[in-house]
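Visitor: The structure is given below, and queries will be raised subsequently.
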Number of protein chains: 2
Amino acid sequence: MPTPGATTPDVAGTITELVTHDIRFPTSQFLDGSDAMNPDPDYSAAYVEIRTDAGDGLSGNGFVFTIGRGNDVQLAAIESLRPYLVGRSVAELLADPGQISAELIGDSQLRWLGPEKGVMHMAIGAVVNALWDLRAKRAGLPLWQLLSSLSPQELVALVDFRYLSDALTPDEALEILQRAAPGRQARAAQLMAEGYPAYTTTPGWLGYDDEKLVRLTSAALAEGFAMIKLKVGADLDDDRRRMRLAREVVGPDFPIATDANQRWDVDAAVQWMQALAEFDPYWIEEPTSPDDILGHAEIRRRLPGIKVVTGEHVQNRIMFKQLLQAGALDAVQIDATRVGGIDEILAILLLAAKFEVPVCPHAGGVGLCELVRHLAMFDFVAVSGSWEGRAIEFADHLHEHFADPARIARGRYVAPTAPGFSADLVPGVVAEFSYPNGGTWAPTLVGLNGARP
Amino acid sequence: MPTPGATTPDVAGTITELVTHDIRFPTSQFLDGSDAMNPDPDYSAAYVEIRTDAGDGLSGNGFVFTIGRGNDVQLAAIESLRPYLVGRSVAELLADPGQISAELIGDSQLRWLGPEKGVMHMAIGAVVNALWDLRAKRAGLPLWQLLSSLSPQELVALVDFRYLSDALTPDEALEILQRAAPGRQARAAQLMAEGYPAYTTTPGWLGYDDEKLVRLTSAALAEGFAMIKLKVGADLDDDRRRMRLAREVVGPDFPIATDANQRWDVDAAVQWMQALAEFDPYWIEEPTSPDDILGHAEIRRRLPGIKVVTGEHVQNRIMFKQLLQAGALDAVQIDATRVGGIDEILAILLLAAKFEVPVCPHAGGVGLCELVRHLAMFDFVAVSGSWEGRAIEFADHLHEHFADPARIARGRYVAPTAPGFSADLVPGVVAEFSYPNGGTWAPTLVGLNGARP
């Protein structure tokens with residue numbers, strides 16, 4: 001465990017440029033990622049590199065994950081933040097990332113576009129995460145270790161408590177972090193030795209046939225994953241058949257999660273899951289709109305024995321606060337690129353710890369596995385102090401495009417050791433997958449530009 | 001009252017182009033619109049014209065109101081919808097605007113950017129509203145009359161009930177609309193004769209000094225407005241002094257609303273308003289985050305005698321549903337450009353009617369007075385059937401830029417009679433206020449381009 005001194009930025013310099021890329025992978029060709037609401041995603045990233053004149057060869061990289069169309073809009077939002085950063089002192093920004101996060105989120109004109117939600121909020125998250133990436137690279141530490149090296153007081157200072165104080169005060173946050181402090185070193189060592197629990201969504205995409213489902217479920221069991229997850233919600237007969245097949249493969253005690261990707265209203269969610277109850281689903285994820293706090297609470301009340309979880313589309317800490325206050329959730333599924341960046345994610349981790357609800361990060365897509373492992377590991381080391389009832393999602397695609405890819409060993413996430421937040425792409429990806437002129441896209445799009453999607 | 005037949009689009013054609021404009025007014029120079037969270041807004045519009053080859057000279061116009069920076073991001077989102085519309089049959093789109101609304105909101109890739117919130121959702125709202133503008137122009141009717149000419153069944157068919165069915169079913173919506181149907185003609189005639197109740201925010205901006213506050217309050221009283229509204233939340237001593245001054249002018253029984261523009265957490269809202277209670281505030285608007293449903297409910301519970309209202313930043317019908325379910329609101333403040341357009345606004349009007357909570361639209365900004373009067377008048381004629389406890393906000397700026405400006409007579413909104421949704425700008429506005437190259441901006445910006453805002 002490094003000392004706090006090691007985290008101080010040690011190179012000065014000025015931010016010279018935000019370089020952005022519209023990166024899209026043609027995943028719709030293979031139905032990876034197909035579910036009841038997303039039949040044909042092209043997994044994409046609105047990608048940003050923050051460059052400086054420090055001469056150390058380091059850039060701060062971040063991105064927003066999207067699923068295709070609209071990635072250009074997300075990029076425009078990131079580009080609108082350029083004047084807030086270019087020309088600023090790197091040392092000043094990195095010394096207090098909570099300050100620039102609050103400055104961007106609180107900008108009196110930009111906040112009209114949210115506030116604190118959707119395209120503009122995710123853009124801020126990408127930039128804030130890129131600054132954290134740069135700070136971790138400069139410190140020579142993976143982000144989870146950098147965050148775990150900050151004192152409870154330093155961590156509390158990162159959090160914007162606005163709109164949270166009825167559920168979590170700075171004093172309560174400090175108490176949570178201080179409670180976890182003595183065990184930090186032991187848990188970090190345990191992480192390095194054992195890795196963090198993982199579950200896999202790889203077998204469960206709706207576009208896969210039964211043979212592929214059974215084969216991938218068997219493989220997941222053999223690889224040592226803690227759980228598998230099946231997409232549901234398009235056709236009840238299909239769901240019952242697929243749940244039965246998966247249950248036959250894994251046996252009676254192994255958890256099978258289900259995920260409806262927001263498909264249902266309240267009554268439909270309850271009825272559909274009652275029809276799947278005989279197959280003992282561990283949780284139902286995104287049963288309805290991520291905005292429907294009271295709906296989730298009602299579904300949870302009416303489905304005893306089945307956990308209710310959500311988070312990948314929950315727009316900010318204020319919504320998570322209420323989901324917890326309303327008793328709507330059995331797990332908090334943080335996402336690495338949905339909210340306003342690391343500082344807000346810290347607020348959500350603290351809320352979950354306060355309400356004693358486990359954090360099970362959402363991953364998959366483009367680079368989300370690479371990012372969220374840092375967040376779950378930091379939570380384990382320095383916030384909740386536990387991995388009981390917790391696991392990080394894993395989906396096995398697109399990792400080859402990242403310089404520090406997610407690695408799984410014996411069904412668990414290996415703790416990353418490379419400095420930074422693991423957002424760096426390998427050389428060549430930008431040239432190959434830039435939309436619409438990269439090598440992958442240019443031939444496909446001949447004659448299609450301007451056509452209706 | 002026209003017959004339904006009059007509303008059928010009678011000119012064919014194809015959509016040829018979405019023309020967009022980044023319109024910004026330099027309102028920050030005069031502190032119009034200054035409040036506790038928005039110290040220096042430049043009222044702006046991300047503006048769209050839908051053009052066709054019908055040869056009738058009509059375009060469908062719509063916009064998103066913003067307050068300056070980020071208007072370009074909003075415009076990029078509108079432009080991303082171009083491929084969904086250009087080349088489509090106008091007759092097909094106008095015959096069933098609910099269909100195109102559902103198609104855009106439900107787009108499996110775009111919805112990742114929300115879902116149903118923020119920049120992408122407002123862009124869809126602008127385009128949907130522009131289509132309704134074109135439909136009303138073709139029908140030769142102001143939008144409120146066009147909507148009021150649709151049958152209850154036609155109106156119900158416009159609504160997307162997804163995520164609403166636990167609070168409002170299609171049958172319940174139909175019953176609400178059928179209950180209002182017999183009185184439509186009489187209420188429309190009453191509107192034409194008397195206008196719709198209004199209240200004014202003009203006296204209450206935080207940037208105005210005491211003399212201007214007193215003078216404008218006296219004027220509002222003399223003009224016959226039903227209520228005035230004061231911005232609060234920056235400094236309690238100032239608020240107490242300003243409330244006392246206003247109360248002295250209007251006397252004991254005239255309602256004075258207050259508006260904190262999301263400034264507080266729950267406890268702070270309760271304490272601040274208790275300190276203003278002696279001046280008998282009629283309502284407190286936006287006491288906290290628009291996302292905080294449970295917070296609004298708690299504030300309302302703890303402030304008996306002061307109404308709690310919100311809406312201008314409430315992102316969609318799902319949030320309004322819960323605000324109503326939670327008993328958090330005494331009035332629903334719909335906004336004309338925050339949600340996904342007329343079809344979603346209809347859903348919100350129906351929810352408000354179901355829960356028997358009055359609708360008091362938010363207005364001001366750029367063109368919001370022009371738009372929302374249609375919505376409140378339609379609500380009066382065909383949905384709630386009442387204007388008891390209701391009033392449309394009025395703020396007296398920027399109306400001169402609209403071809404069919406909001407008009408007030410004896411403190412009430414005059415019913416508009418020009419065909420369309422009143423979004424058309426007068427000739428010359430685009431050239432003068434386009435950012436950054438319009439006549440107003442080009443001189444100001446010399447040397448400032450690329451500077452930090």
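Ordered as shown in the structure tokens, chains take letters A, B, and onward, while each chain numbers its residues from 1 and ligands are numbered from 1 in the order shown.
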Dump as a CSV table (one decimal) with C-alpha atoms, in the first residue's frame the residues of chain B that approach chain A to within 7 Å, counting only C-alpha atoms.
Guide:
chain,number,residue,atom,x,y,z
B,37,MET,CA,-28.8,29.0,-9.1
B,38,ASN,CA,-28.6,30.9,-12.4
B,41,PRO,CA,-28.2,33.2,-18.0
B,66,THR,CA,-31.4,26.6,-22.8
B,67,ILE,CA,-29.6,29.3,-20.9
B,68,GLY,CA,-26.5,29.7,-23.0
B,69,ARG,CA,-23.4,27.4,-23.0
B,70,GLY,CA,-24.4,24.0,-24.2
B,73,VAL,CA,-24.7,20.4,-27.7
B,76,ALA,CA,-26.1,18.5,-32.2
B,77,ALA,CA,-28.7,16.2,-30.6
B,80,SER,CA,-28.7,13.6,-35.0
B,83,PRO,CA,-31.9,10.8,-40.7
B,84,TYR,CA,-35.0,9.7,-38.9
B,108,SER,CA,-32.8,1.1,-29.2
B,109,GLN,CA,-29.4,2.9,-29.7
B,110,LEU,CA,-30.3,6.5,-29.0
B,112,TRP,CA,-28.9,4.6,-24.2
B,113,LEU,CA,-28.1,8.3,-24.0
B,114,GLY,CA,-31.0,8.8,-21.6
B,117,LYS,CA,-34.0,12.4,-20.1
B,118,GLY,CA,-31.6,15.3,-20.7
B,119,VAL,CA,-30.2,16.5,-24.0
B,162,ARG,CA,-45.1,2.4,-20.8
B,163,TYR,CA,-44.0,2.7,-17.2
B,165,SER,CA,-49.8,1.6,-15.9
B,166,ASP,CA,-49.4,1.4,-12.2
B,265,ASP,CA,-31.2,20.1,0.7
B,266,VAL,CA,-34.3,18.9,2.6
B,289,SER,CA,-33.2,18.8,-6.8
B,291,ASP,CA,-34.8,14.4,-9.1
B,292,ASP,CA,-35.6,14.2,-5.4
B,294,LEU,CA,-38.9,11.6,-1.8
B,318,ILE,CA,-42.1,8.7,-15.1
B,319,MET,CA,-40.8,11.2,-12.7
B,322,GLN,CA,-43.9,9.3,-8.9
B,450,GLY,CA,-11.9,29.5,-27.3
B,451,ALA,CA,-11.5,31.4,-24.0
B,452,ARG,CA,-12.7,29.7,-20.9
B,453,PRO,CA,-16.3,30.6,-20.2
Visitor: Show which residues sit within 8 Å of Met243 of chain B, as a VMD selection string. Count only C-alpha atoms, and ignore same-chain residues fewer than 2 positions away.
Guide: chain B and resid 230 239 to 241 245 to 247 276 279
Visitor: Can you tell me, as a VMD selection string, what residues are no more than 12 Å from Arg179 of chain A when counting only C-alpha atoms, ignoring any on the same chain fewer than 4 positions away?
Guide: chain A and resid 151 to 152 172 to 175 183 to 184 353 to 354 381 to 386
Visitor: Quick one: residues within 7 Å of segment 269-275 of chain A, only C-alpha atoms, excluding same-chain residues fewer than 5 positions away - as a list in words?
Guide: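 Answer for this query is Trp264, Pro287, Ile299, Arg302 and Leu303 of chain A.
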